[in-house]
$ cat model01.cif   # mmCIF, C-alpha atoms, pLDDT in the B column; chains and numbers go by the auth columns
data_data
loop_
_atom_site.group_PDB
_atom_site.id
_atom_site.type_symbol
_atom_site.label_atom_id
_atom_site.label_comp_id
_atom_site.label_asym_id
_atom_site.label_seq_id
_atom_site.Cartn_x
_atom_site.Cartn_y
_atom_site.Cartn_z
_atom_site.B_iso_or_equiv
_atom_site.auth_seq_id
_atom_site.auth_asym_id
ATOM 1 C CA MET A 1 48.931 147.227 79.778 90.00 195 B
ATOM 2 C CA ILE A 2 51.978 146.244 81.733 93.00 196 B
ATOM 3 C CA ALA A 3 51.598 142.791 83.192 94.00 197 B
ATOM 4 C CA PRO A 4 53.837 139.861 84.106 95.00 198 B
ATOM 5 C CA ASN A 5 52.604 137.831 81.132 95.00 199 B
ATOM 6 C CA ALA A 6 52.866 140.554 78.461 95.00 200 B
ATOM 7 C CA LEU A 7 53.428 144.217 77.661 95.00 201 B
ATOM 8 C CA GLY A 8 50.887 146.129 75.597 93.00 202 B
ATOM 9 C CA LYS A 9 47.209 145.420 75.075 93.00 203 B
ATOM 10 C CA LYS A 10 47.621 143.223 71.965 94.00 204 B
ATOM 11 C CA HIS A 11 50.280 141.014 73.538 95.00 205 B
ATOM 12 C CA PHE A 12 48.404 140.896 76.830 95.00 206 B
ATOM 13 C CA TRP A 13 45.181 139.833 75.129 96.00 207 B
ATOM 14 C CA GLN A 14 47.069 137.164 73.161 97.00 208 B
ATOM 15 C CA ALA A 15 48.682 135.874 76.362 96.00 209 B
ATOM 16 C CA LEU A 16 45.253 135.649 78.010 96.00 210 B
ATOM 17 C CA LYS A 17 43.761 133.752 75.057 97.00 211 B
ATOM 18 C CA GLU A 18 46.703 131.326 75.144 97.00 212 B
ATOM 19 C CA GLY A 19 46.453 130.891 78.926 96.00 213 B
ATOM 20 C CA LYS A 20 49.995 132.183 79.363 95.00 214 B
ATOM 21 C CA SER A 21 50.813 132.762 83.021 95.00 215 B
ATOM 22 C CA GLY A 22 53.124 135.491 84.219 94.00 216 B
ATOM 23 C CA ILE A 23 53.938 133.644 87.434 96.00 217 B
ATOM 24 C CA LYS A 24 57.583 132.579 87.422 95.00 218 B
ATOM 25 C CA SER A 25 60.607 132.283 89.675 95.00 219 B
ATOM 26 C CA ILE A 26 61.604 135.585 91.257 93.00 220 B
ATOM 27 C CA THR A 27 64.860 136.856 89.787 92.00 221 B
ATOM 28 C CA ARG A 28 65.155 140.459 91.006 86.00 222 B
ATOM 29 C CA PHE A 29 66.499 139.520 94.429 85.00 223 B
ATOM 30 C CA ASP A 30 67.652 136.503 96.403 89.00 224 B
ATOM 31 C CA VAL A 31 64.618 134.516 97.563 92.00 225 B
ATOM 32 C CA SER A 32 66.422 131.423 98.803 94.00 226 B
ATOM 33 C CA SER A 33 65.392 132.060 102.416 95.00 227 B
ATOM 34 C CA TYR A 34 61.714 132.684 101.591 93.00 228 B
ATOM 35 C CA PRO A 35 59.031 130.003 101.525 95.00 229 B
ATOM 36 C CA THR A 36 57.566 131.470 98.325 94.00 230 B
ATOM 37 C CA GLN A 37 59.919 131.915 95.423 95.00 231 B
ATOM 38 C CA ILE A 38 57.482 132.718 92.627 96.00 232 B
ATOM 39 C CA ALA A 39 55.636 135.896 91.720 94.00 233 B
ATOM 40 C CA GLY A 40 54.107 137.874 88.896 94.00 234 B
ATOM 41 C CA GLN A 41 57.219 139.838 87.957 92.00 235 B
ATOM 42 C CA VAL A 42 57.436 142.028 84.815 93.00 236 B
ATOM 43 C CA ASN A 43 60.639 140.909 83.116 88.00 237 B
ATOM 44 C CA ASP A 44 60.840 142.197 79.540 89.00 238 B
ATOM 45 C CA PHE A 45 60.284 145.867 80.341 94.00 239 B
ATOM 46 C CA ASP A 46 62.680 148.394 78.793 95.00 240 B
ATOM 47 C CA PRO A 47 61.953 152.019 79.740 95.00 241 B
ATOM 48 C CA LEU A 48 63.638 153.219 76.530 95.00 242 B
ATOM 49 C CA ASP A 49 60.781 151.614 74.573 94.00 243 B
ATOM 50 C CA TYR A 50 58.441 154.156 76.202 92.00 244 B
ATOM 51 C CA ASN A 51 60.530 157.318 75.819 90.00 245 B
ATOM 52 C CA ILE A 52 61.960 157.193 79.329 93.00 246 B
ATOM 53 C CA SER A 53 65.589 158.267 79.117 93.00 247 B
ATOM 54 C CA PRO A 54 68.366 156.421 80.953 94.00 248 B
ATOM 55 C CA LYS A 55 68.728 159.483 83.212 91.00 249 B
ATOM 56 C CA GLU A 56 65.002 159.448 84.044 89.00 250 B
ATOM 57 C CA SER A 57 64.960 155.705 84.662 89.00 251 B
ATOM 58 C CA ARG A 58 67.797 155.993 87.195 85.00 252 B
ATOM 59 C CA LYS A 59 65.770 158.536 89.183 85.00 253 B
ATOM 60 C CA LEU A 60 62.317 156.955 88.886 88.00 254 B
ATOM 61 C CA SER A 61 61.018 153.979 90.789 88.00 255 B
ATOM 62 C CA LEU A 62 59.985 150.980 88.733 89.00 256 B
ATOM 63 C CA ALA A 63 56.368 151.775 89.669 87.00 257 B
ATOM 64 C CA ALA A 64 56.723 155.296 88.219 89.00 258 B
ATOM 65 C CA GLN A 65 58.328 153.870 85.083 92.00 259 B
ATOM 66 C CA PHE A 66 55.380 151.492 84.705 93.00 260 B
ATOM 67 C CA ALA A 67 52.939 154.386 85.245 91.00 261 B
ATOM 68 C CA LEU A 68 54.673 156.562 82.639 92.00 262 B
ATOM 69 C CA SER A 69 54.822 153.685 80.169 95.00 263 B
ATOM 70 C CA ALA A 70 51.160 152.772 80.641 93.00 264 B
ATOM 71 C CA THR A 71 50.303 156.456 80.172 91.00 265 B
ATOM 72 C CA GLN A 72 52.258 156.534 76.907 92.00 266 B
ATOM 73 C CA MET A 73 50.443 153.388 75.726 93.00 267 B
ATOM 74 C CA ALA A 74 47.060 154.933 76.583 90.00 268 B
ATOM 75 C CA ILE A 75 47.931 158.179 74.783 90.00 269 B
ATOM 76 C CA ASP A 76 49.047 156.235 71.712 91.00 270 B
ATOM 77 C CA ASP A 77 45.943 153.997 71.755 90.00 271 B
ATOM 78 C CA ALA A 78 43.624 157.007 72.096 89.00 272 B
ATOM 79 C CA GLU A 79 45.561 158.945 69.425 90.00 273 B
ATOM 80 C CA ILE A 80 45.693 161.997 71.673 88.00 274 B
ATOM 81 C CA GLN A 81 47.871 164.858 70.496 87.00 275 B
ATOM 82 C CA ARG A 82 50.569 165.946 72.921 81.00 276 B
ATOM 83 C CA SER A 83 49.315 169.549 72.800 83.00 277 B
ATOM 84 C CA ASP A 84 45.902 168.366 74.062 85.00 278 B
ATOM 85 C CA LEU A 85 47.502 166.939 77.185 84.00 279 B
ATOM 86 C CA GLU A 86 48.110 170.421 78.562 80.00 280 B
ATOM 87 C CA LYS A 87 44.353 170.569 79.178 79.00 281 B
ATOM 88 C CA ALA A 88 44.366 167.188 80.932 81.00 282 B
ATOM 89 C CA GLY A 89 44.586 166.225 84.557 79.00 283 B
ATOM 90 C CA VAL A 90 46.070 163.091 86.072 81.00 284 B
ATOM 91 C CA LEU A 91 44.114 160.605 88.156 78.00 285 B
ATOM 92 C CA LEU A 92 46.118 157.658 89.420 77.00 286 B
ATOM 93 C CA GLY A 93 45.295 155.116 92.079 73.00 287 B
ATOM 94 C CA VAL A 94 48.211 153.470 93.857 70.00 288 B
ATOM 95 C CA SER A 95 48.297 150.689 96.396 65.00 289 B
ATOM 96 C CA GLY A 96 52.019 150.772 96.904 66.00 290 B
ATOM 97 C CA SER A 97 54.994 151.985 94.978 69.00 291 B
ATOM 98 C CA ALA A 98 58.697 152.649 94.994 72.00 292 B
ATOM 99 C CA THR A 99 59.662 149.596 97.017 77.00 293 B
ATOM 100 C CA ASP A 100 62.785 149.329 94.855 77.00 294 B
ATOM 101 C CA ILE A 101 63.803 152.889 95.803 76.00 295 B
ATOM 102 C CA ILE A 102 62.886 152.388 99.456 78.00 296 B
ATOM 103 C CA GLU A 103 65.049 149.270 99.593 78.00 297 B
ATOM 104 C CA SER A 104 68.038 150.852 97.825 79.00 298 B
ATOM 105 C CA GLN A 105 67.872 154.002 99.966 78.00 299 B
ATOM 106 C CA HIS A 106 67.617 151.931 103.146 80.00 300 B
ATOM 107 C CA GLY A 107 70.666 149.942 102.035 83.00 301 B
ATOM 108 C CA ALA A 108 72.604 153.135 101.303 82.00 302 B
ATOM 109 C CA PHE A 109 71.658 154.556 104.691 84.00 303 B
ATOM 110 C CA MET A 110 72.571 151.395 106.598 88.00 304 B
ATOM 111 C CA THR A 111 75.935 150.837 104.881 90.00 305 B
ATOM 112 C CA LYS A 112 77.127 154.340 104.014 88.00 306 B
ATOM 113 C CA GLY A 113 75.119 156.723 106.168 85.00 307 B
ATOM 114 C CA LEU A 114 72.713 159.575 105.584 83.00 308 B
ATOM 115 C CA SER A 115 75.044 161.485 103.262 81.00 309 B
ATOM 116 C CA ARG A 116 74.841 158.700 100.658 76.00 310 B
ATOM 117 C CA MET A 117 71.066 158.819 100.361 74.00 311 B
ATOM 118 C CA SER A 118 69.781 160.379 97.148 75.00 312 B
ATOM 119 C CA PRO A 119 67.504 163.429 97.399 74.00 313 B
ATOM 120 C CA SER A 120 65.656 162.241 94.285 71.00 314 B
ATOM 121 C CA GLY A 121 65.291 158.829 95.910 68.00 315 B
ATOM 122 C CA ILE A 122 63.614 160.375 98.917 66.00 316 B
ATOM 123 C CA VAL A 123 61.140 162.295 96.723 69.00 317 B
ATOM 124 C CA SER A 124 60.379 159.146 94.676 74.00 318 B
ATOM 125 C CA ILE A 125 58.848 157.302 97.605 73.00 319 B
ATOM 126 C CA ILE A 126 55.947 159.658 98.278 72.00 320 B
ATOM 127 C CA PRO A 127 52.629 158.126 97.177 70.00 321 B
ATOM 128 C CA SER A 128 51.989 160.781 94.522 74.00 322 B
ATOM 129 C CA ALA A 129 55.417 160.333 92.846 79.00 323 B
ATOM 130 C CA SER A 130 54.066 158.362 89.868 81.00 324 B
ATOM 131 C CA ALA A 131 51.215 160.817 89.253 80.00 325 B
ATOM 132 C CA ASN A 132 53.671 163.727 89.613 80.00 326 B
ATOM 133 C CA SER A 133 55.976 162.119 87.033 84.00 327 B
ATOM 134 C CA ILE A 134 53.104 161.762 84.549 85.00 328 B
ATOM 135 C CA SER A 135 51.964 165.332 85.096 84.00 329 B
ATOM 136 C CA ILE A 136 55.479 166.717 84.632 84.00 330 B
ATOM 137 C CA LYS A 137 56.421 164.606 81.585 87.00 331 B
ATOM 138 C CA TYR A 138 53.222 165.378 79.699 85.00 332 B
ATOM 139 C CA LYS A 139 52.905 168.984 80.933 85.00 333 B
ATOM 140 C CA CYS A 140 49.404 168.439 82.311 82.00 334 B
ATOM 141 C CA LYS A 141 48.290 171.728 83.826 73.00 335 B
ATOM 142 C CA ASN A 142 45.035 170.705 85.456 65.00 336 B
ATOM 143 C CA LYS A 143 44.474 169.118 88.839 58.00 337 B
ATOM 144 C CA LEU A 144 46.582 166.239 90.022 60.00 338 B
ATOM 145 C CA LEU A 145 44.750 163.655 92.075 57.00 339 B
ATOM 146 C CA PHE A 146 46.145 160.518 93.566 57.00 340 B
ATOM 147 C CA ILE A 147 44.496 158.038 95.852 56.00 341 B
ATOM 148 C CA ASN A 148 46.497 155.816 98.157 57.00 342 B
ATOM 149 C CA LYS A 149 44.868 153.178 100.301 55.00 343 B
ATOM 150 C CA THR A 150 47.024 151.176 102.677 55.00 344 B
ATOM 151 C CA LYS A 151 46.917 147.400 102.779 55.00 345 B
ATOM 152 C CA ASN A 152 45.139 147.324 106.103 59.00 346 B
ATOM 153 C CA ASN A 153 42.531 149.834 104.852 56.00 347 B
ATOM 154 C CA LYS A 154 43.103 152.030 107.881 54.00 348 B
ATOM 155 C CA ARG A 155 44.275 155.124 106.026 51.00 349 B
ATOM 156 C CA LEU A 156 43.084 156.722 102.822 49.00 350 B
ATOM 157 C CA GLU A 157 45.015 159.657 101.371 50.00 351 B
ATOM 158 C CA PHE A 158 43.831 162.103 98.761 49.00 352 B
ATOM 159 C CA SER A 159 45.864 164.862 97.217 51.00 353 B
ATOM 160 C CA ILE A 160 44.571 167.518 94.875 50.00 354 B
ATOM 161 C CA ASN A 161 47.157 169.961 93.593 52.00 355 B
#

$ encode --input "model01.cif" --output "structure tokens"
Amino acid sequence: MIAPNALGKKHFWQALKEGKSGIKSITRFDVSSYPTQIAGQVNDFDPLDYNISPKESRKLSLAAQFALSATQMAIDDAEIQRSDLEKAGVLLGVSGSATDIIESQHGAFMTKGLSRMSPSGIVSIIPSASANSISIKYKCKNKLLFINKTKNNKRLEFSIN
């Protein structure tokens, strides 16, 4: 469980029992011009705690890092052996992801031009990026399925690889 009020199922459950809210002032970007300056932001997340290397974390969106970390937590909780994961598939529903990468790549494009955009950044913004990252990291060889539904419910994407 990765949530604004706690990381991990034990801490999350404790936070719920204590009525601890994860809603706080936004600190990731300047919100001074916005009418709302609070959100449920995950603050104490360190990708190294979930076996995501510094190199990986630079290439992955925060959403993909959360997906990989939640996957690691689920594997640990279920006591699944890594060798058994080769028989597994990945099913991941996403409602939006990679906004951090989209924003940074847009900034790079606007200030420095197309040549300063990262190829890995471009690949990270596709809806299946988080599911792809899980499948690659854990060497899952079965089908990859992701479901992406837009906010306005006008488009539903499915991908089976």

$ resolve_selection --input "model01.cif" --expression "the PyMOL selection byres ((chain B and resi 255) around 12)" --output "MDAnalysis selection string"
chainID B and resid 241 246 250:254 256:262 290:299 314:324 327

$ axis_aligned_box --input "model01.cif" --around "range 210-213 of chain B" --padding-each-side "3 Å" --output "AutoDock Vina command-line options"
--center_x 45.2 --center_y 133.3 --center_z 77.0 --size_x 8.9 --size_y 10.8 --size_z 9.9

$ atom_distance --input "model01.cif" --atom1 "CA of Asp270 in chain B" --atom2 "CA of Met195 in chain B"
12.1 Å

$ resolve_selection --input "model01.cif" --expression "the PyMOL selection byres ((chain B and resi 227-237) around 8)" --output "list in words"
Ile196, Ala197, Pro198, Asn199, Ala200, Gly216, Ile217, Lys218, Ser219, Ile220, Asp224, Val225, Ser226, Asp238 and Phe239 of chain B

$ write_last_selection --input "model01.cif" --atoms "C-alpha atoms" --output "PDB file, in the frame of the given file"
ATOM      1  CA  ILE B 196      51.978 146.244  81.733  1.00 93.00           C
ATOM      2  CA  ALA B 197      51.598 142.791  83.192  1.00 94.00           C
ATOM      3  CA  PRO B 198      53.837 139.861  84.106  1.00 95.00           C
ATOM      4  CA  ASN B 199      52.604 137.831  81.132  1.00 95.00           C
ATOM      5  CA  ALA B 200      52.866 140.554  78.461  1.00 95.00           C
ATOM      6  CA  GLY B 216      53.124 135.491  84.219  1.00 94.00           C
ATOM      7  CA  ILE B 217      53.938 133.644  87.434  1.00 96.00           C
ATOM      8  CA  LYS B 218      57.583 132.579  87.422  1.00 95.00           C
ATOM      9  CA  SER B 219      60.607 132.283  89.675  1.00 95.00           C
ATOM     10  CA  ILE B 220      61.604 135.585  91.257  1.00 93.00           C
ATOM     11  CA  ASP B 224      67.652 136.503  96.403  1.00 89.00           C
ATOM     12  CA  VAL B 225      64.618 134.516  97.563  1.00 92.00           C
ATOM     13  CA  SER B 226      66.422 131.423  98.803  1.00 94.00           C
ATOM     14  CA  ASP B 238      60.840 142.197  79.540  1.00 89.00           C
ATOM     15  CA  PHE B 239      60.284 145.867  80.341  1.00 94.00           C
TER      16      PHE B 239
END
